[in-house]
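my_file_13.cif (mmCIF, C-alpha atoms)
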```
data_input
loop_
_atom_site.label_atom_id
_atom_site.label_comp_id
_atom_site.auth_asym_id
_atom_site.auth_seq_id
_atom_site.Cartn_x
_atom_site.Cartn_y
_atom_site.Cartn_z
CA MET A 1 0.00 0.00 0.00
CA LYS A 2 1.32 3.43 -0.87
CA VAL A 3 1.96 5.96 1.87
CA SER A 4 -0.73 8.28 0.49
CA GLN A 5 -3.23 5.40 0.47
CA VAL A 6 -2.43 4.58 4.10
CA VAL A 7 -3.06 8.17 5.12
CA ALA A 8 -6.27 8.34 3.06
CA THR A 9 -7.56 5.07 4.53
CA LEU A 10 -6.79 6.00 8.14
CA SER A 11 -8.19 9.50 7.81
CA HIS A 12 -11.57 8.05 6.83
CA VAL A 13 -11.88 5.97 9.99
CA PRO A 14 -14.60 7.55 12.15
CA GLY A 15 -13.09 9.67 14.92
CA VAL A 16 -9.71 10.17 13.26
CA VAL A 17 -8.97 13.89 13.18
CA ALA A 18 -5.65 13.55 11.36
CA ALA A 19 -3.54 10.67 10.09
CA MET A 20 0.16 10.94 9.37
CA VAL A 21 3.10 8.86 8.21
CA VAL A 22 6.17 10.14 10.04
CA GLY A 23 9.88 9.35 9.78
CA ALA A 24 10.77 7.20 12.77
CA ALA A 25 14.29 8.59 13.12
CA ASP A 26 13.78 12.25 12.27
CA GLY A 27 10.16 12.82 13.31
CA LEU A 28 9.38 14.66 10.08
CA ILE A 29 6.05 14.23 8.30
CA VAL A 30 6.23 12.04 5.20
CA GLU A 31 2.54 12.25 4.36
CA THR A 32 -0.41 13.70 6.20
CA SER A 33 -4.13 14.09 5.85
CA ALA A 34 -5.87 17.40 6.37
CA MET A 35 -6.67 18.30 9.96
CA LEU A 36 -10.37 17.69 10.44
CA GLY A 37 -12.11 20.78 11.77
CA ALA A 38 -9.05 22.99 11.36
CA THR A 39 -9.62 26.62 10.47
CA ASP A 40 -7.39 28.64 8.18
CA GLY A 41 -6.28 31.02 10.90
CA GLY A 42 -5.83 28.40 13.65
CA SER A 43 -2.51 26.86 14.58
CA ASP A 44 -1.72 23.51 13.00
CA PRO A 45 -0.63 20.94 15.58
CA ARG A 46 0.40 18.26 13.09
CA LYS A 47 4.11 19.07 12.86
CA HIS A 48 4.53 19.20 16.64
CA THR A 49 2.43 16.08 17.15
CA ALA A 50 4.37 14.15 14.51
CA ALA A 51 7.79 15.03 15.90
CA LEU A 52 6.88 14.43 19.53
CA ALA A 53 4.88 11.24 18.87
CA ALA A 54 7.80 9.73 16.92
CA TYR A 55 10.16 10.77 19.71
CA LEU A 56 7.87 9.27 22.35
CA TYR A 57 7.51 6.06 20.36
CA ALA A 58 11.32 5.76 20.21
CA LYS A 59 11.46 6.07 24.00
CA VAL A 60 8.65 3.56 24.46
CA THR A 61 10.51 1.16 22.19
CA ARG A 62 13.56 1.45 24.44
CA ALA A 63 11.45 0.92 27.55
CA SER A 64 9.78 -2.10 26.01
CA ASP A 65 13.16 -3.49 25.01
CA ALA A 66 14.55 -2.86 28.49
CA ALA A 67 11.63 -4.79 29.95
CA ARG A 68 12.39 -7.60 27.48
CA LEU A 69 8.98 -7.29 25.90
CA GLY A 70 10.15 -6.85 22.34
CA LYS A 71 8.90 -4.11 20.05
CA PRO A 72 5.76 -2.21 21.05
CA ALA A 73 2.81 -3.18 18.88
CA PHE A 74 0.58 -0.19 19.50
CA MET A 75 0.91 2.96 21.57
CA ARG A 76 -2.05 5.03 22.70
CA LEU A 77 -1.79 8.24 24.67
CA GLU A 78 -5.04 9.19 26.33
CA ALA A 79 -5.53 12.89 26.97
CA GLU A 80 -8.41 15.07 28.17
CA MET A 81 -9.69 15.81 24.69
CA GLY A 82 -8.73 12.74 22.72
CA HIS A 83 -6.02 10.23 21.93
CA ILE A 84 -2.79 9.98 20.00
CA CYS A 85 -2.21 6.52 18.52
CA VAL A 86 1.13 5.37 17.15
CA VAL A 87 2.18 2.19 15.36
CA GLY A 88 5.70 1.48 14.13
CA ALA A 89 6.30 0.23 10.60
CA ARG A 90 10.02 -0.20 9.93
CA ASP A 91 11.44 3.26 9.06
CA VAL A 92 8.22 5.14 9.68
CA VAL A 93 5.55 5.44 12.34
CA LEU A 94 1.83 5.88 11.72
CA VAL A 95 0.35 8.58 13.90
CA THR A 96 -3.33 9.42 14.32
CA ILE A 97 -5.03 12.10 16.37
CA VAL A 98 -8.34 10.70 17.51
CA THR A 99 -11.46 12.10 19.20
CA PRO A 100 -12.44 10.79 22.68
CA ASP A 101 -15.55 9.04 21.37
CA ALA A 102 -13.84 7.26 18.47
CA ASN A 103 -14.02 3.52 18.01
CA LEU A 104 -10.50 2.81 19.24
CA GLY A 105 -10.72 -0.87 18.33
CA ARG A 106 -11.31 0.04 14.71
CA VAL A 107 -8.56 2.67 14.76
CA ARG A 108 -6.13 0.16 16.26
CA LEU A 109 -7.02 -2.58 13.79
CA ASP A 110 -6.76 -0.32 10.76
CA MET A 111 -3.45 1.16 11.90
CA MET A 112 -1.92 -2.25 12.56
CA THR A 113 -3.20 -3.62 9.26
CA ALA A 114 -1.68 -0.64 7.45
CA ALA A 115 1.62 -1.10 9.29
CA LYS A 116 1.80 -4.74 8.23
CA GLY A 117 1.39 -3.79 4.57
CA ASP A 118 4.26 -2.77 2.30
CA LEU A 119 4.77 0.76 3.50
CA MET B 1 25.13 19.55 31.54
CA THR B 2 26.47 23.06 31.98
CA ASP B 3 24.39 26.21 31.68
CA PRO B 4 24.91 28.39 28.62
CA THR B 5 27.59 31.05 28.82
CA VAL B 6 26.56 34.22 27.04
CA ALA B 7 27.97 37.52 25.88
CA GLU B 8 24.46 39.07 25.99
CA ALA B 9 22.40 38.16 29.05
CA TRP B 10 18.98 38.22 27.34
CA VAL B 11 19.79 35.13 25.23
CA ALA B 12 20.63 32.94 28.26
CA ALA B 13 17.08 31.81 29.08
CA PRO B 14 16.03 30.97 25.49
CA LEU B 15 19.30 29.11 24.93
CA ARG B 16 18.86 27.09 28.13
CA ARG B 17 15.30 26.21 27.16
CA LEU B 18 16.34 25.18 23.67
CA LYS B 19 19.15 23.02 25.04
CA GLU B 20 16.83 21.25 27.47
CA ASP B 21 13.74 20.88 25.30
CA ALA B 22 15.51 19.81 22.13
CA ARG B 23 18.01 17.68 24.08
CA LEU B 24 20.97 19.26 22.35
CA ILE B 25 24.48 18.19 23.30
CA SER B 26 26.06 21.49 22.35
CA GLY B 27 25.19 24.67 20.54
CA VAL B 28 26.44 28.12 19.61
CA LEU B 29 24.46 31.26 18.85
CA LEU B 30 26.38 33.80 16.83
CA TYR B 31 26.08 36.77 14.55
CA PRO B 32 26.59 36.10 10.84
CA THR B 33 29.91 37.93 11.17
CA GLY B 34 31.19 35.07 13.33
CA ARG B 35 30.91 36.86 16.66
CA ALA B 36 29.65 34.45 19.35
CA VAL B 37 26.62 35.50 21.42
CA GLY B 38 26.20 32.39 23.56
CA GLN B 39 27.14 28.76 23.79
CA PHE B 40 26.58 25.60 25.74
CA GLY B 41 28.34 22.25 25.79
CA PHE B 42 31.82 23.61 25.17
CA SER B 43 34.59 24.21 27.68
CA ASN B 44 37.24 25.15 25.19
CA ALA B 45 37.26 28.60 23.58
CA ALA B 46 39.23 27.29 20.61
CA ASP B 47 36.41 24.88 19.73
CA VAL B 48 33.86 27.70 19.80
CA MET B 49 36.18 29.85 17.70
CA SER B 50 36.43 27.11 15.07
CA ILE B 51 32.67 26.57 15.06
CA CYS B 52 31.94 30.28 14.71
CA ALA B 53 34.36 30.61 11.82
CA LEU B 54 33.01 27.53 10.07
CA THR B 55 29.36 28.39 10.67
CA SER B 56 29.86 31.90 9.38
CA ALA B 57 31.56 30.57 6.26
CA ILE B 58 28.97 27.84 5.71
CA ASN B 59 26.17 30.39 6.09
CA ALA B 60 27.77 32.70 3.54
CA SER B 61 28.31 29.95 0.98
CA SER B 62 24.96 28.20 1.49
CA ARG B 63 23.17 31.54 1.32
CA GLU B 64 24.78 32.25 -2.02
CA LEU B 65 24.09 28.70 -3.20
CA GLY B 66 20.44 29.15 -2.25
CA ARG B 67 20.27 32.40 -4.17
CA GLN B 68 21.76 30.80 -7.24
CA LEU B 69 19.59 27.69 -7.15
CA ASP B 70 16.32 28.92 -5.71
CA GLY B 71 16.47 32.69 -5.94
CA LYS B 72 16.51 32.99 -2.15
CA PRO B 73 18.89 31.93 0.60
CA PHE B 74 18.51 28.62 2.42
CA TYR B 75 17.26 28.93 5.96
CA GLU B 76 18.28 25.65 7.46
CA LEU B 77 20.96 23.03 7.10
CA HIS B 78 21.02 19.54 8.56
CA HIS B 79 23.77 16.97 8.45
CA ALA B 80 23.21 13.48 9.83
CA GLY B 81 26.39 11.75 10.87
CA ALA B 82 26.76 8.19 12.08
CA ASP B 83 26.17 9.05 15.73
CA ARG B 84 25.66 12.79 15.89
CA GLN B 85 23.75 15.26 13.80
CA VAL B 86 24.29 18.94 13.12
CA PHE B 87 21.47 21.45 12.78
CA MET B 88 22.20 24.95 11.54
CA ALA B 89 19.63 27.68 11.03
CA ARG B 90 19.09 31.39 10.91
CA ALA B 91 17.01 33.30 13.41
CA THR B 92 16.00 36.94 13.34
CA SER B 93 15.13 39.23 16.17
CA GLY B 94 13.85 42.64 15.21
CA GLY B 95 15.81 42.80 12.00
CA GLN B 96 18.99 41.49 13.57
CA GLU B 97 20.06 38.17 12.16
CA PHE B 98 21.58 35.37 14.21
CA LEU B 99 22.94 31.96 13.31
CA PHE B 100 22.52 28.93 15.48
CA VAL B 101 24.35 25.65 15.23
CA GLY B 102 23.47 22.71 17.45
CA VAL B 103 24.56 19.12 17.84
CA PHE B 104 22.29 16.25 18.86
CA ASP B 105 22.26 12.48 18.87
CA ARG B 106 19.67 9.73 19.07
CA GLU B 107 18.29 11.24 22.25
CA SER B 108 16.60 13.79 20.00
CA SER B 109 15.48 14.06 16.39
CA LEU B 110 15.46 16.64 13.62
CA GLY B 111 11.70 17.10 14.00
CA VAL B 112 12.02 17.78 17.72
CA VAL B 113 14.92 20.20 17.19
CA GLU B 114 12.98 22.04 14.49
CA ILE B 115 9.90 22.62 16.62
CA TYR B 116 11.87 23.84 19.62
CA PHE B 117 14.05 26.01 17.41
CA ALA B 118 10.86 27.68 16.15
CA GLU B 119 9.95 28.41 19.79
CA PHE B 120 13.49 29.67 20.41
CA GLN B 121 13.08 32.12 17.53
CA LYS B 122 9.83 33.41 19.01
CA ALA B 123 11.50 33.82 22.40
CA LEU B 124 14.37 35.79 20.85
CA GLU B 125 11.88 38.09 19.21
CA LYS B 126 9.93 38.54 22.44
CA LEU B 127 12.89 39.02 24.78
CA ARG B 128 14.94 41.30 22.58
CA PRO B 129 15.82 44.37 24.63
CA GLU B 130 14.44 47.69 23.46
CA LYS B 131 17.90 49.18 23.35
CA GLN B 132 19.92 46.77 21.33
CA VAL B 133 23.58 46.25 21.95
CA PRO B 134 25.12 47.88 18.90
CA VAL B 135 26.33 45.15 16.60
CA PRO B 136 29.20 46.28 14.47
CA GLY B 137 29.03 45.15 10.88
CA PRO B 138 31.87 43.21 9.36
CA SER B 139 34.93 45.27 10.17
CA GLY B 140 37.35 43.17 8.23
CA ASP B 141 38.97 42.20 11.51
CA PHE B 142 37.37 38.76 11.63
CA GLU B 143 39.91 37.29 14.03
CA GLY B 144 39.64 40.28 16.36
CA GLU B 145 35.82 40.03 16.47
CA LEU B 146 36.02 36.33 17.21
CA ASN B 147 38.52 36.83 20.01
CA ARG B 148 36.48 39.61 21.61
CA SER B 149 33.35 37.47 21.66
CA LEU B 150 35.28 34.50 23.06
CA ASP B 151 36.67 36.73 25.79
CA ALA B 152 33.09 37.57 26.70
CA LEU B 153 32.13 33.89 26.87
CA PHE B 154 35.19 32.33 28.47
CA GLY B 155 37.11 35.25 29.96
CA PRO B 156 40.31 36.78 28.65
CA ILE B 157 43.13 34.51 27.53
CA GLY B 158 45.19 33.50 30.53
CA LYS B 159 42.16 33.54 32.80
CA ARG B 160 40.26 30.84 30.85
#
```

Is it possible to express this structure as structure tokens?
Amino acid sequence: MKVSQVVATLSHVPGVVAAMVVGAADGLIVETSAMLGATDGGSDPRKHTAALAAYLYAKVTRASDAARLGKPAFMRLEAEMGHICVVGARDVVLVTIVTPDANLGRVRLDMMTAAKGDL
Amino acid sequence: MTDPTVAEAWVAAPLRRLKEDARLISGVLLYPTGRAVGQFGFSNAADVMSICALTSAINASSRELGRQLDGKPFYELHHAGADRQVFMARATSGGQEFLFVGVFDRESSLGVVEIYFAEFQKALEKLRPEKQVPVPGPSGDFEGELNRSLDALFGPIGKR
């Protein structure tokens, strides 16, 4: 599956506000969907979210390795106004910003399916 | 990690924040002329002198390269080495241009450095004193300017 297809597929999952493919090492956005509900004048959180989510995922990977649990399969950060979900796929990480009422099972399944494809 | 040493006090807080947030190993803030404004991660004035000279030269050549290729100067330069990476960028504060060069490793990433550098730029703009320290333009005495700024950072030679 192409990177653009992954982003398009994930961004259509109900509750996904933004879907991104991000470089695992540099935290830079490779491909991103539009930010759902974003206004022209408002600040765009995607760049910050991408860089910090990739950074956090790298730390979680080290923690998981230190605990001898192997690679993390799925990372979800629950916040007051939603979730950030991250899945690793070789050189990239898939990052989604999700609303609090989203179907997280569906988001998780779709992200992990996308990560298993040929990204 | 040591606190930044600065030639102009107002840059100390933004530099410290950048160092901590972006998890930089070392960094130097300087004027495009090569005069150092602040640094962290270095204990040797000669190292800072070399970095200032090289950064100033790299900025001049990459700026011209940008003009030739793209019609405008490049703003940012990144080099990824085997273990460490170098990030170099320009920042402006009320019309005054600065250069910053920072070094990081796998404890950080280019994306993280970029976002905190953007915040650093905003802080420079916000904290810039009303009465600016007069910055002399290139006087032709490049070595003298470098030495004066290093004296401000590390103390005069003999006392370093």

*Would you write out, as number ranges by chain, every residue that the PyMOL selection byres ((chain A) within 7 of (chain B)) captures in this file?*
A: 25-28, 48, 51-52

*Could you list the residues chosen by the PyMOL selection byres ((chain A and resi 11-18) around 8) in this structure as an NGL selection string?*
:A and (7-10 or 19-20 or 32-37 or 46 or 96-103 or 106-107)

Write the residues you've just listed into a file as a PDB file, in the frame of the given file, and include C-alpha atoms for each of them.
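Okay, again_22.pdb is ready:
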```pdb
ATOM      1  CA  VAL A   7      -3.060   8.170   5.120  1.00  0.00           C
ATOM      2  CA  ALA A   8      -6.270   8.340   3.060  1.00  0.00           C
ATOM      3  CA  THR A   9      -7.560   5.070   4.530  1.00  0.00           C
ATOM      4  CA  LEU A  10      -6.790   6.000   8.140  1.00  0.00           C
ATOM      5  CA  ALA A  19      -3.540  10.670  10.090  1.00  0.00           C
ATOM      6  CA  MET A  20       0.160  10.940   9.370  1.00  0.00           C
ATOM      7  CA  THR A  32      -0.410  13.700   6.200  1.00  0.00           C
ATOM      8  CA  SER A  33      -4.130  14.090   5.850  1.00  0.00           C
ATOM      9  CA  ALA A  34      -5.870  17.400   6.370  1.00  0.00           C
ATOM     10  CA  MET A  35      -6.670  18.300   9.960  1.00  0.00           C
ATOM     11  CA  LEU A  36     -10.370  17.690  10.440  1.00  0.00           C
ATOM     12  CA  GLY A  37     -12.110  20.780  11.770  1.00  0.00           C
ATOM     13  CA  ARG A  46       0.400  18.260  13.090  1.00  0.00           C
ATOM     14  CA  THR A  96      -3.330   9.420  14.320  1.00  0.00           C
ATOM     15  CA  ILE A  97      -5.030  12.100  16.370  1.00  0.00           C
ATOM     16  CA  VAL A  98      -8.340  10.700  17.510  1.00  0.00           C
ATOM     17  CA  THR A  99     -11.460  12.100  19.200  1.00  0.00           C
ATOM     18  CA  PRO A 100     -12.440  10.790  22.680  1.00  0.00           C
ATOM     19  CA  ASP A 101     -15.550   9.040  21.370  1.00  0.00           C
ATOM     20  CA  ALA A 102     -13.840   7.260  18.470  1.00  0.00           C
ATOM     21  CA  ASN A 103     -14.020   3.520  18.010  1.00  0.00           C
ATOM     22  CA  ARG A 106     -11.310   0.040  14.710  1.00  0.00           C
ATOM     23  CA  VAL A 107      -8.560   2.670  14.760  1.00  0.00           C
TER      24      VAL A 107
END
```

*Rounded to one decimal place, report the CA of Thr2 (chain B)-CA of Glu20 (chain B) distance in Å.*
10.8 Å

_Residues within 12 Å of Lys71 (chain A), all atoms listed in the file, excluding chain neighbours under 3 positions, as a PyMOL selection string_ = chain A and resi 57-68+74-75+87-90

_Selection: 8 Å around Met112 (chain A), only C-alpha atoms, excl. self and same-chain fewer than 2 positions, as a PyMOL selection string_ = chain A and resi 73-74+87+108-110+114-116

Go ahead and save the residues from that selection, with C-alpha atoms, as a short mmCIF file (atom, residue, chain, number, x, y, z; two decimals), keeping the file's coordinate frame.
```cif
data_model
loop_
_atom_site.label_atom_id
_atom_site.label_comp_id
_atom_site.auth_asym_id
_atom_site.auth_seq_id
_atom_site.Cartn_x
_atom_site.Cartn_y
_atom_site.Cartn_z
CA ALA A 73 2.81 -3.18 18.88
CA PHE A 74 0.58 -0.19 19.50
CA VAL A 87 2.18 2.19 15.36
CA ARG A 108 -6.13 0.16 16.26
CA LEU A 109 -7.02 -2.58 13.79
CA ASP A 110 -6.76 -0.32 10.76
CA ALA A 114 -1.68 -0.64 7.45
CA ALA A 115 1.62 -1.10 9.29
CA LYS A 116 1.80 -4.74 8.23
#
```

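Here CA of Gly23 (chain A) stands at a distance of 7.4 Å from CA of Ala54 (chain A).
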
*Can you work out the spacing between CA of Pro73 (chain B) and CA of Asp21 (chain B) in Å, to one decimal?*
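Between these atoms lies a distance of 27.5 Å.
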
*asked:* Residues within 10 Å of region 147-156 of chain B, please, as a ChimeraX atom specification. Count all atoms listed in the file; anything in the same chain fewer than 3 positions from it doesn't count.
replied: /B:4-8,30,34-39,42-46,48-49,52,142-144,159-160

*Might you pull out every residue within 9 Å of Leu99 (chain B), with all atoms listed in the file counted and same-chain residues fewer than 4 positions away left off, and present them as an MDAnalysis selection string?*
chainID B and resid 28:32 34 55:56 59 88:92

Picked residues, the PyMOL selection byres ((chain B and resi 85) around 9), as a PDB file with C-alpha atoms, keeping the file's coordinate frame:
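Full text of part-v6.pdb as output:
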```pdb
ATOM      1  CA  HIS B  78      21.020  19.540   8.560  1.00  0.00           C
ATOM      2  CA  HIS B  79      23.770  16.970   8.450  1.00  0.00           C
ATOM      3  CA  ALA B  80      23.210  13.480   9.830  1.00  0.00           C
ATOM      4  CA  GLY B  81      26.390  11.750  10.870  1.00  0.00           C
ATOM      5  CA  ALA B  82      26.760   8.190  12.080  1.00  0.00           C
ATOM      6  CA  ASP B  83      26.170   9.050  15.730  1.00  0.00           C
ATOM      7  CA  ARG B  84      25.660  12.790  15.890  1.00  0.00           C
ATOM      8  CA  VAL B  86      24.290  18.940  13.120  1.00  0.00           C
ATOM      9  CA  PHE B  87      21.470  21.450  12.780  1.00  0.00           C
ATOM     10  CA  GLY B 102      23.470  22.710  17.450  1.00  0.00           C
ATOM     11  CA  VAL B 103      24.560  19.120  17.840  1.00  0.00           C
ATOM     12  CA  PHE B 104      22.290  16.250  18.860  1.00  0.00           C
ATOM     13  CA  ASP B 105      22.260  12.480  18.870  1.00  0.00           C
ATOM     14  CA  ARG B 106      19.670   9.730  19.070  1.00  0.00           C
ATOM     15  CA  SER B 109      15.480  14.060  16.390  1.00  0.00           C
ATOM     16  CA  LEU B 110      15.460  16.640  13.620  1.00  0.00           C
TER      17      LEU B 110
END
```

*Fewer than 6 positions away in the same chain doesn't count, so skip those; otherwise give me all residues within 10 Å of Lys126 (chain B), counting all atoms listed in the file, as a ChimeraX atom specification.*
/B:93-94,120

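Of the residues listed (A:Ser43, A:Ser4, A:Glu31, A:Ala50), A:Ala50 shows the shortest atom-to-atom separation from Cys85 (chain A); distances use all atoms listed in the file.
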
Centre and edge lengths of an axis-aligned box around all listed atoms of region 73-78 of chain B, with 6 Å added on each side, are to be given in Å to one decimal, as AutoDock Vina command-line options.
```
--center_x 19.1 --center_y 25.7 --center_z 4.6 --size_x 15.8 --size_y 24.4 --size_z 20.0
```

*Quick one: of B:Ile51, B:Ala123, B:Leu69, B:Ala60, who's nearest to Val101 (chain B), counting all atoms listed in the file?*
B:Ile51

*Minimum-distance residue to Val6 (chain A), chosen among A:Gly70, A:Gly117, A:Ile29, A:Thr49 (using only C-alpha atoms)*: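 Among A:Gly70, A:Gly117, A:Ile29, A:Thr49, it is A:Gly117 that comes nearest to Val6 (chain A).
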
*Restricting the calculation to only C-alpha atoms, which member of B:Arg67, B:Lys122, B:Arg128, B:Arg23 is positioned closest to Ala9 (chain B)?*
B:Arg128
